[in-house]
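Scroll down for the structure; my scribbles are underneath it.
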Amino acid sequence: SSGMYYAQLVEDNYDTPLAHYSQKQKQRLKRFNHVQFGTCFFSQSSSALKPHEKKSKTESVTTVLKFNNAASKQCKPKLLAAGLEIANQTKSILISAEVFDRPDIDIQALSDYLQPWQSVTIVINYRRFYDWIISYNNELYKGGTIIESLYDELNSERKMQEYEMSHTYEVMHRYKQVFDNVTIVNMHDTKNLTEGFYCDAMPDAKTTCENVKKSNDVTSNPSKHLEYMVLLNEAKRRGYIKRTPKSKEYKVALEKVQKHQEETLKL
């Protein structure tokens with residue numbers, strides 16, 4: 001939602017790395033967001049940043065830029081450079097991405113990168129664990145990832161440990177080891193998550209907060225019915241189909257499964 005309120009954020013002396021990309025550059029990317037900033041801080045990409053070693057802001061970003069290519073193809077070094085330009089302009093920076101909850105994010109490297117800003121606030125959303133798991137799996141399916149059924153996931157000790165590492169308590173614990181100011185926003189305590197973020201959690205965003213309240217914007221990411229994808233994934237697991245989830249053939253097969261279930265079988 002930062003793009004929607006960008007003009008107000010600028011009035012509050014905030015800026016975002018995304019805003020420094022041209023519209024043409026954004027159009028060349030399928031999913032352009034701050035995930036492509038966050039992936040630059042995967043642990044293998046920032047291994048050269050030694051914990052607690054003080055660096056100038058130029059040295060810090062140069063080290064991350066040098067090693068980020070090993071982390072993820074999603075990493076966009078220009079976003080890191082844009083962040084430093086925001087620092088040079090003595091503006092506050094807003095970065096939001098779900099990828100920051102991953103256990104392999106090098107939080108100390110992120111802290112080193114953020115050295116130009118005297119005060120850093122980490123905002124973490126809380127969602128009830130089992131409610132969050134359903135949403136998390138929904139996102140995986142929408143992204144074309146083949147996983148086991150949710151029932152099997154919940155009965156896997158290994159998978160449950162992985163889930164717990166990305167849920168609020170563990171994420172909060174990791175960030176509190178490095179940052180002094182970590183704020184939790186309880187999604188169940190606010191009717192409007194956008195307002196809760198800009199008005200309660202985000203420092204010095206008065207103009208943005210007032211605009212959010214006037215707009216009555218309710219940010220949502222509705223779940224999709226994924227039963228047909230589950231059926232198709234099971235067919236792939238059994239060897240009936242061999243295409244990967246992101247292929248065009250997979251999408252065609254998905255449409256055929258849905259049509260067969262709804263129009264032929266009337267289910």
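Residues in the structure tokens are named by chain (A, B, ... in the order shown) and by number from 1 within that chain; ligands are numbered from 1 in the order shown.
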
Which of range 165-234 of chain A counts as strand (DSSP E or B) under DSSP, as a PDB file with N, CA and C atoms, in the first residue's frame please?
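Dumped everything to states-v4.pdb:
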ATOM      1  N   VAL A 182      11.426  -3.152  18.258  1.00  0.00           N
ATOM      2  CA  VAL A 182      10.652  -4.129  17.493  1.00  0.00           C
ATOM      3  C   VAL A 182       9.198  -4.032  17.937  1.00  0.00           C
ATOM      4  N   THR A 183       8.304  -3.710  17.013  1.00  0.00           N
ATOM      5  CA  THR A 183       6.893  -3.495  17.309  1.00  0.00           C
ATOM      6  C   THR A 183       6.054  -4.606  16.696  1.00  0.00           C
ATOM      7  N   ILE A 184       5.069  -5.095  17.441  1.00  0.00           N
ATOM      8  CA  ILE A 184       4.157  -6.121  16.955  1.00  0.00           C
ATOM      9  C   ILE A 184       2.791  -5.497  16.683  1.00  0.00           C
ATOM     10  N   VAL A 185       2.253  -5.737  15.497  1.00  0.00           N
ATOM     11  CA  VAL A 185       0.891  -5.304  15.164  1.00  0.00           C
ATOM     12  C   VAL A 185       0.003  -6.536  15.138  1.00  0.00           C
ATOM     13  N   ASN A 186      -0.966  -6.586  16.056  1.00  0.00           N
ATOM     14  CA  ASN A 186      -1.875  -7.725  16.146  1.00  0.00           C
ATOM     15  C   ASN A 186      -2.983  -7.553  15.109  1.00  0.00           C
TER      16      ASN A 186
END

**Study point:** Non-local contacts of Asp180 in chain A (12 Å; only C-alpha atoms; under 5 positions in same chain excluded) as number ranges by chain
**Key:** A: 111, 118-123, 172-175

Practice item. Check range 73-226 of chain A with DSSP on the backbone and list each residue it calls alpha helix (DSSP H), as number ranges by chain. Key: A: 77-88, 107-113, 129-142, 150-154, 157-165, 168-176, 193-195, 206-215

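For range 157-161 of chain A, the set of protein, DNA and RNA residues having any atom at most 12 Å away, when counting only C-alpha atoms and skipping those fewer than 3 positions along the same chain, is Pro103, Phe129, Tyr130, Ile133, Asn137, Ile147, Glu148, Ser149, Leu150, Tyr151, Asp152, Glu153, Leu154, Glu164, Met165, Ser166, His167 and Glu170 of chain A.
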
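Using only C-alpha atoms, the protein and nucleic acid residues lying no more than 6 Å from range 91-102 of chain A, apart from those fewer than 2 places from it along its own chain, are A:Asn13, A:Tyr14, A:Asp15, A:Thr16, A:His34, A:Val35, A:Ile86, A:Ala87, A:Gln89, A:Asp104, A:Ile105, A:Ser166, A:Val171.
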
Output of the above residues as a PDB file, in the first residue's frame, restricted to C-alpha atoms:
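The result, stored in out.pdb:
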ATOM      1  CA  ASN A  13       9.805  12.794   4.770  1.00  0.00           C
ATOM      2  CA  TYR A  14       9.659   9.097   3.829  1.00  0.00           C
ATOM      3  CA  ASP A  15      10.767   7.443   0.636  1.00  0.00           C
ATOM      4  CA  THR A  16      10.916   3.875  -0.692  1.00  0.00           C
ATOM      5  CA  HIS A  34      10.468  -5.114  -1.844  1.00  0.00           C
ATOM      6  CA  VAL A  35      10.961  -8.878  -1.864  1.00  0.00           C
ATOM      7  CA  ILE A  86      17.418   8.042   0.278  1.00  0.00           C
ATOM      8  CA  ALA A  87      19.880   8.158   3.187  1.00  0.00           C
ATOM      9  CA  GLN A  89      18.852  12.906   1.127  1.00  0.00           C
ATOM     10  CA  ASP A 104      17.977 -17.295   6.401  1.00  0.00           C
ATOM     11  CA  ILE A 105      17.770 -13.494   6.388  1.00  0.00           C
ATOM     12  CA  SER A 166       8.768 -18.047  10.255  1.00  0.00           C
ATOM     13  CA  VAL A 171      10.835 -13.760  14.001  1.00  0.00           C
TER      14      VAL A 171
END

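One finds CA of Asn192 in chain A at 11.3 Å from CA of Ser215 in chain A.
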
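Taking only C-alpha atoms into account, Leu232 in chain A lies nearest to A:Val257 out of the set A:Val212, A:Gly3, A:Ser135, A:Val257.
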
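The residue that comes closest to Glu227 in chain A, out of A:Glu255, A:Leu79, A:Tyr6, A:Lys176 and on the basis of only C-alpha atoms, is A:Glu255.
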
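Counting from CA of Met187 in chain A, the distance to CA of Thr168 in chain A is 11.5 Å.
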
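The interatomic distance for the pair CA of Phe179 in chain A and CA of Asp131 in chain A works out to 27.5 Å.
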